[in-house]
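This report concerns only the one structure given below.
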Amino acid sequence: MFKKIWSLFKTQPELVSPLTDSVAASALPPVTAIPPRLARSRRKKKKSEPDWISTPQEPTTAELLLGLPSEYKVLNDLLVTNPKSRSGYSQIDHVVIGPRAIFVIETRNLTTGEIRGGRREANWSVSSSRVKMYNPLMQHRAHVEAIQAHLGDYKRVRLVSMVTFTNRCRISVDPAVRYVNSDEMIIYDHELVDTIQRKTERLETELPEILYQEQDTQAIWNMLNTVNSTDHQIRAEHMAKAKGIK
């Protein structure tokens, strides 16, 4: 009985996969087993995994500021004494000394969400977070005052406060702080260099008699560079205290 059943199976015609259509099965290349390690590498990449193809890195703010003309002097990552601060210091991301004003710049790395708030509102909202953001202009005023305190004979120089956000988020704030006629501005980081130059041109029309020569901008740069603390321990202590305050 077993032999008869086995003979029936042997006489059945060979089945062809519908994927081969009319192509003879014998013409297909032999199927080889994929090693488990290779099979794992061929799986679809999860969203949480980094893409192996590197994307062009966006320029840092310090790199963007290199695009300014030579009459502008730039200082990056300053830590200056500030007796009004709980840590005793203020850390300023960037300072640009121009022929008409000093630009004190803070960069915010928020990459998603819509930022909403008024110039005089203490707290702003971010659509991607439930936590309110303290008005960055109010927070940045302490940095501007810390820079002004170290200007010596140049304390009357015009200071412009600028807070930048990445262009991956959306700025929907008081329009008054989005224009160059303000001395407190919220802008996208890619607008920084152009805004500094436009603000300088506007000040030139408003106050044509106030112009700082190269020796003046260099003197201011020297003063701020001298008071900048580069001590690693002081910077580490400031960061620890700043995180505690936050």
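Labels for the structure tokens follow display order: chains A, B, ..., residues from 1 in each chain, ligands from 1.
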
Next item on the list: Step one, run DSSP on the backbone; step two, keep only residues of region 70-226 of chain A assigned to helix (DSSP H, G or I); then write them as a ChimeraX atom specification.
Entry: /A:136-148,152-154,175-178,189-206,214-226

Mind listing the strand (DSSP E) residues of region 110-200 of chain A, per DSSP on the backbone, as a list in words?
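Residues of region 110-200 of chain A classed as strand (DSSP E): Glu114, Ile115, Arg116, Gly117, Asn123, Trp124, Ser125, Val126, Met133, Tyr134, Leu159, Val160, Ser161, Met162, Val163, Thr164, Phe165, Arg170, Ile171, Ser172, Val173, Glu184, Met185, Ile186, Ile187 and Tyr188 of chain A.
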
Give me the residues near Val157 (chain A) as a list in words, where near means some atom within 12 Å (using only C-alpha atoms) and where sequence neighbours in that chain fewer than 2 positions away do not count.
Ile97, Gly98, Pro99, Arg100, Ala101, Ile102, Phe103, Val144, Ile147, Gln148, Ala149, His150, Leu151, Gly152, Asp153, Tyr154, Lys155, Leu159, Val160, Leu203, Leu207, Ile210, Leu211, Tyr212, Asp216, Thr217 and Ile220 of chain A

Using only C-alpha atoms, the shortest atom-to-atom distance to Val104 (chain A) among A:Asp183, A:Asn123, A:Ser87, A:Arg130 belongs to A:Asp183

For Asn82 (chain A), please output as number ranges by chain all residues within 10 Å (counting only C-alpha atoms; exclusion window: fewer than 3 positions along the same chain). A: 79, 85-91, 142-143, 145-147, 149-150

Take the residues from that selection and put them in a file with all heavy atoms, as a compact mmCIF listing (two decimals), in the first residue's frame.
# COMPACT_ATOMS: atom_id res chain seq x y z
N LEU A 79 32.46 83.86 29.12
CA LEU A 79 32.02 83.69 30.52
C LEU A 79 32.59 84.86 31.30
O LEU A 79 33.80 84.94 31.53
CB LEU A 79 32.52 82.36 31.09
CG LEU A 79 32.00 82.03 32.50
CD1 LEU A 79 30.49 81.77 32.47
CD2 LEU A 79 32.73 80.81 33.08
N SER A 85 24.17 87.53 39.11
CA SER A 85 23.85 86.15 38.82
C SER A 85 24.11 85.27 40.04
O SER A 85 25.03 85.52 40.81
CB SER A 85 24.70 85.65 37.64
OG SER A 85 24.58 84.25 37.48
N ARG A 86 23.30 84.25 40.23
CA ARG A 86 23.48 83.35 41.37
C ARG A 86 24.78 82.58 41.30
O ARG A 86 25.35 82.21 42.32
CB ARG A 86 22.31 82.37 41.46
CG ARG A 86 20.98 83.04 41.79
CD ARG A 86 19.89 82.00 41.96
NE ARG A 86 18.60 82.62 42.22
CZ ARG A 86 17.47 81.96 42.42
NH1 ARG A 86 17.48 80.64 42.39
NH2 ARG A 86 16.33 82.60 42.64
N SER A 87 25.26 82.33 40.07
CA SER A 87 26.53 81.62 39.92
C SER A 87 27.71 82.57 39.95
O SER A 87 28.86 82.13 40.02
CB SER A 87 26.53 80.84 38.60
OG SER A 87 26.54 81.74 37.50
N GLY A 88 27.43 83.89 39.89
CA GLY A 88 28.50 84.88 39.87
C GLY A 88 29.04 85.15 38.48
O GLY A 88 29.93 85.99 38.31
N TYR A 89 28.49 84.45 37.48
CA TYR A 89 28.95 84.62 36.10
C TYR A 89 27.76 84.61 35.14
O TYR A 89 26.68 84.12 35.47
CB TYR A 89 29.90 83.48 35.70
CG TYR A 89 31.26 83.55 36.34
CD1 TYR A 89 31.48 82.97 37.60
CD2 TYR A 89 32.33 84.18 35.72
CE1 TYR A 89 32.73 83.02 38.20
CE2 TYR A 89 33.58 84.24 36.31
CZ TYR A 89 33.78 83.66 37.54
OH TYR A 89 35.00 83.72 38.15
N SER A 90 28.00 85.15 33.95
CA SER A 90 27.04 85.04 32.85
C SER A 90 27.78 84.47 31.66
O SER A 90 28.90 84.89 31.35
CB SER A 90 26.45 86.40 32.49
OG SER A 90 25.47 86.79 33.42
N GLN A 91 27.14 83.50 31.01
CA GLN A 91 27.74 82.90 29.82
C GLN A 91 26.99 83.40 28.59
O GLN A 91 25.77 83.24 28.48
CB GLN A 91 27.69 81.38 29.90
CG GLN A 91 28.50 80.69 28.82
CD GLN A 91 28.72 79.22 29.13
OE1 GLN A 91 28.06 78.64 29.99
NE2 GLN A 91 29.66 78.60 28.43
N ALA A 142 19.96 89.89 31.12
CA ALA A 142 21.05 89.77 32.11
C ALA A 142 22.39 89.61 31.41
O ALA A 142 23.41 90.15 31.88
CB ALA A 142 20.79 88.59 33.03
N HIS A 143 22.41 88.93 30.29
CA HIS A 143 23.65 88.77 29.53
C HIS A 143 24.09 90.10 28.91
O HIS A 143 25.28 90.42 28.90
CB HIS A 143 23.45 87.74 28.42
CG HIS A 143 23.12 86.37 28.92
ND1 HIS A 143 22.57 85.38 28.13
CD2 HIS A 143 23.24 85.81 30.16
CE1 HIS A 143 22.39 84.29 28.84
NE2 HIS A 143 22.77 84.53 30.08
N GLU A 145 23.37 93.08 30.03
CA GLU A 145 23.85 93.94 31.12
C GLU A 145 25.24 93.52 31.57
O GLU A 145 26.08 94.37 31.92
CB GLU A 145 22.87 93.87 32.28
CG GLU A 145 21.52 94.53 31.98
CD GLU A 145 20.51 94.29 33.09
OE1 GLU A 145 20.85 93.61 34.09
OE2 GLU A 145 19.36 94.78 32.96
N ALA A 146 25.52 92.22 31.57
CA ALA A 146 26.85 91.74 31.96
C ALA A 146 27.92 92.22 30.99
O ALA A 146 29.02 92.59 31.39
CB ALA A 146 26.85 90.21 32.05
N ILE A 147 27.60 92.23 29.71
CA ILE A 147 28.55 92.75 28.71
C ILE A 147 28.75 94.25 28.89
O ILE A 147 29.89 94.75 28.87
CB ILE A 147 28.04 92.44 27.28
CG1 ILE A 147 28.11 90.94 27.00
CG2 ILE A 147 28.85 93.22 26.24
CD1 ILE A 147 29.51 90.35 27.01
N ALA A 149 28.56 95.98 31.52
CA ALA A 149 29.33 96.27 32.74
C ALA A 149 30.83 96.17 32.51
O ALA A 149 31.62 96.70 33.30
CB ALA A 149 28.92 95.32 33.85
N HIS A 150 31.25 95.53 31.42
CA HIS A 150 32.69 95.33 31.16
C HIS A 150 33.19 96.18 29.99
O HIS A 150 34.26 95.89 29.45
CB HIS A 150 32.96 93.85 30.88
CG HIS A 150 32.75 92.96 32.06
ND1 HIS A 150 33.67 92.87 33.10
CD2 HIS A 150 31.73 92.13 32.39
CE1 HIS A 150 33.23 92.01 34.01
NE2 HIS A 150 32.05 91.55 33.61

Would you mind telling me which residue in A:Tyr179, A:Phe165, A:Tyr72, A:Tyr134 lies nearest to Arg202 (chain A) when using only C-alpha atoms?
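Ranked by minimum distance to Arg202 (chain A), first place goes to A:Tyr179.
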
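Comparing the minimum interatomic distances between Ile187 (chain A) and each of A:Leu78, A:Met223, A:Ile105, A:Ala240, counting only C-alpha atoms, we find that A:Ile105 sits nearest.
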
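Residue nearest Arg108 (chain A) within the list A:Met162, A:Leu224, A:Val173, A:Val180: A:Met162 [criterion: smallest interatomic distance, only C-alpha atoms].
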
### Å distance separating CA of Arg178 (chain A) from CA of Trp124 (chain A), one decimal place
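Those two atoms sit 15.5 Å apart.
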
Would you kindly return, as a PyMOL selection string, each protein, DNA or RNA residue with an atom no farther than 12 Å from any atom of Asp189 (chain A), considering only C-alpha atoms and excluding same-chain residues fewer than 6 positions away? chain A and resi 58-65+105-111+162-171+195-196

Please, could you write that set of residues out with N, CA and C atoms as a PDB file, in the first residue's frame?
ATOM      1  N   GLU A  58      24.557  71.369   9.329  1.00  0.00           N
ATOM      2  CA  GLU A  58      24.288  72.791   9.261  1.00  0.00           C
ATOM      3  C   GLU A  58      25.430  73.563   9.913  1.00  0.00           C
ATOM      4  N   PRO A  59      25.778  74.721   9.369  1.00  0.00           N
ATOM      5  CA  PRO A  59      26.867  75.503   9.969  1.00  0.00           C
ATOM      6  C   PRO A  59      26.491  76.001  11.354  1.00  0.00           C
ATOM      7  N   THR A  60      27.463  76.066  12.228  1.00  0.00           N
ATOM      8  CA  THR A  60      27.228  76.606  13.559  1.00  0.00           C
ATOM      9  C   THR A  60      27.094  78.123  13.470  1.00  0.00           C
ATOM     10  N   THR A  61      26.627  78.731  14.555  1.00  0.00           N
ATOM     11  CA  THR A  61      26.494  80.187  14.568  1.00  0.00           C
ATOM     12  C   THR A  61      27.864  80.842  14.415  1.00  0.00           C
ATOM     13  N   ALA A  62      28.880  80.275  15.059  1.00  0.00           N
ATOM     14  CA  ALA A  62      30.240  80.819  14.938  1.00  0.00           C
ATOM     15  C   ALA A  62      30.701  80.787  13.481  1.00  0.00           C
ATOM     16  N   GLU A  63      30.343  79.720  12.769  1.00  0.00           N
ATOM     17  CA  GLU A  63      30.715  79.625  11.354  1.00  0.00           C
ATOM     18  C   GLU A  63      29.929  80.632  10.521  1.00  0.00           C
ATOM     19  N   LEU A  64      28.651  80.824  10.848  1.00  0.00           N
ATOM     20  CA  LEU A  64      27.850  81.810  10.120  1.00  0.00           C
ATOM     21  C   LEU A  64      28.435  83.213  10.274  1.00  0.00           C
ATOM     22  N   LEU A  65      28.901  83.526  11.488  1.00  0.00           N
ATOM     23  CA  LEU A  65      29.425  84.866  11.755  1.00  0.00           C
ATOM     24  C   LEU A  65      30.723  85.149  11.011  1.00  0.00           C
ATOM     25  N   ILE A 105      24.392  87.908  21.392  1.00  0.00           N
ATOM     26  CA  ILE A 105      23.600  86.868  20.730  1.00  0.00           C
ATOM     27  C   ILE A 105      23.500  85.616  21.600  1.00  0.00           C
ATOM     28  N   GLU A 106      22.292  85.102  21.689  1.00  0.00           N
ATOM     29  CA  GLU A 106      22.058  83.811  22.338  1.00  0.00           C
ATOM     30  C   GLU A 106      21.401  82.889  21.332  1.00  0.00           C
ATOM     31  N   THR A 107      21.906  81.669  21.255  1.00  0.00           N
ATOM     32  CA  THR A 107      21.352  80.689  20.323  1.00  0.00           C
ATOM     33  C   THR A 107      20.531  79.662  21.089  1.00  0.00           C
ATOM     34  N   ARG A 108      19.354  79.370  20.580  1.00  0.00           N
ATOM     35  CA  ARG A 108      18.481  78.343  21.151  1.00  0.00           C
ATOM     36  C   ARG A 108      18.403  77.176  20.164  1.00  0.00           C
ATOM     37  N   ASN A 109      18.573  75.969  20.668  1.00  0.00           N
ATOM     38  CA  ASN A 109      18.631  74.797  19.801  1.00  0.00           C
ATOM     39  C   ASN A 109      17.300  74.069  19.657  1.00  0.00           C
ATOM     40  N   LEU A 110      16.215  74.744  19.944  1.00  0.00           N
ATOM     41  CA  LEU A 110      14.900  74.135  19.757  1.00  0.00           C
ATOM     42  C   LEU A 110      14.700  73.822  18.280  1.00  0.00           C
ATOM     43  N   THR A 111      14.371  72.566  17.978  1.00  0.00           N
ATOM     44  CA  THR A 111      14.295  72.153  16.575  1.00  0.00           C
ATOM     45  C   THR A 111      12.878  71.891  16.076  1.00  0.00           C
ATOM     46  N   MET A 162      19.933  89.778  20.631  1.00  0.00           N
ATOM     47  CA  MET A 162      19.423  88.908  19.580  1.00  0.00           C
ATOM     48  C   MET A 162      19.353  87.474  20.096  1.00  0.00           C
ATOM     49  N   VAL A 163      18.193  86.847  19.916  1.00  0.00           N
ATOM     50  CA  VAL A 163      18.015  85.435  20.261  1.00  0.00           C
ATOM     51  C   VAL A 163      17.644  84.703  18.978  1.00  0.00           C
ATOM     52  N   THR A 164      18.403  83.661  18.659  1.00  0.00           N
ATOM     53  CA  THR A 164      18.159  82.939  17.411  1.00  0.00           C
ATOM     54  C   THR A 164      17.591  81.550  17.682  1.00  0.00           C
ATOM     55  N   PHE A 165      16.742  81.105  16.764  1.00  0.00           N
ATOM     56  CA  PHE A 165      16.193  79.752  16.790  1.00  0.00           C
ATOM     57  C   PHE A 165      16.475  79.095  15.448  1.00  0.00           C
ATOM     58  N   THR A 166      16.492  77.769  15.428  1.00  0.00           N
ATOM     59  CA  THR A 166      16.707  77.060  14.172  1.00  0.00           C
ATOM     60  C   THR A 166      15.484  77.234  13.280  1.00  0.00           C
ATOM     61  N   ASN A 167      15.698  77.080  11.982  1.00  0.00           N
ATOM     62  CA  ASN A 167      14.575  77.235  11.049  1.00  0.00           C
ATOM     63  C   ASN A 167      13.698  75.996  10.969  1.00  0.00           C
ATOM     64  N   ARG A 168      13.975  75.001  11.828  1.00  0.00           N
ATOM     65  CA  ARG A 168      13.108  73.827  11.880  1.00  0.00           C
ATOM     66  C   ARG A 168      11.940  74.021  12.834  1.00  0.00           C
ATOM     67  N   CYS A 169      11.987  75.107  13.604  1.00  0.00           N
ATOM     68  CA  CYS A 169      10.818  75.443  14.424  1.00  0.00           C
ATOM     69  C   CYS A 169      10.138  76.669  13.794  1.00  0.00           C
ATOM     70  N   ARG A 170       9.027  77.080  14.362  1.00  0.00           N
ATOM     71  CA  ARG A 170       8.268  78.190  13.799  1.00  0.00           C
ATOM     72  C   ARG A 170       8.130  79.294  14.841  1.00  0.00           C
ATOM     73  N   ILE A 171       8.522  80.502  14.461  1.00  0.00           N
ATOM     74  CA  ILE A 171       8.455  81.651  15.358  1.00  0.00           C
ATOM     75  C   ILE A 171       7.154  82.405  15.104  1.00  0.00           C
ATOM     76  N   THR A 195      20.696  90.173   9.232  1.00  0.00           N
ATOM     77  CA  THR A 195      20.033  91.076  10.180  1.00  0.00           C
ATOM     78  C   THR A 195      21.038  92.014  10.836  1.00  0.00           C
ATOM     79  N   ILE A 196      22.201  91.522  11.178  1.00  0.00           N
ATOM     80  CA  ILE A 196      23.241  92.376  11.774  1.00  0.00           C
ATOM     81  C   ILE A 196      23.621  93.499  10.817  1.00  0.00           C
TER      82      ILE A 196
END
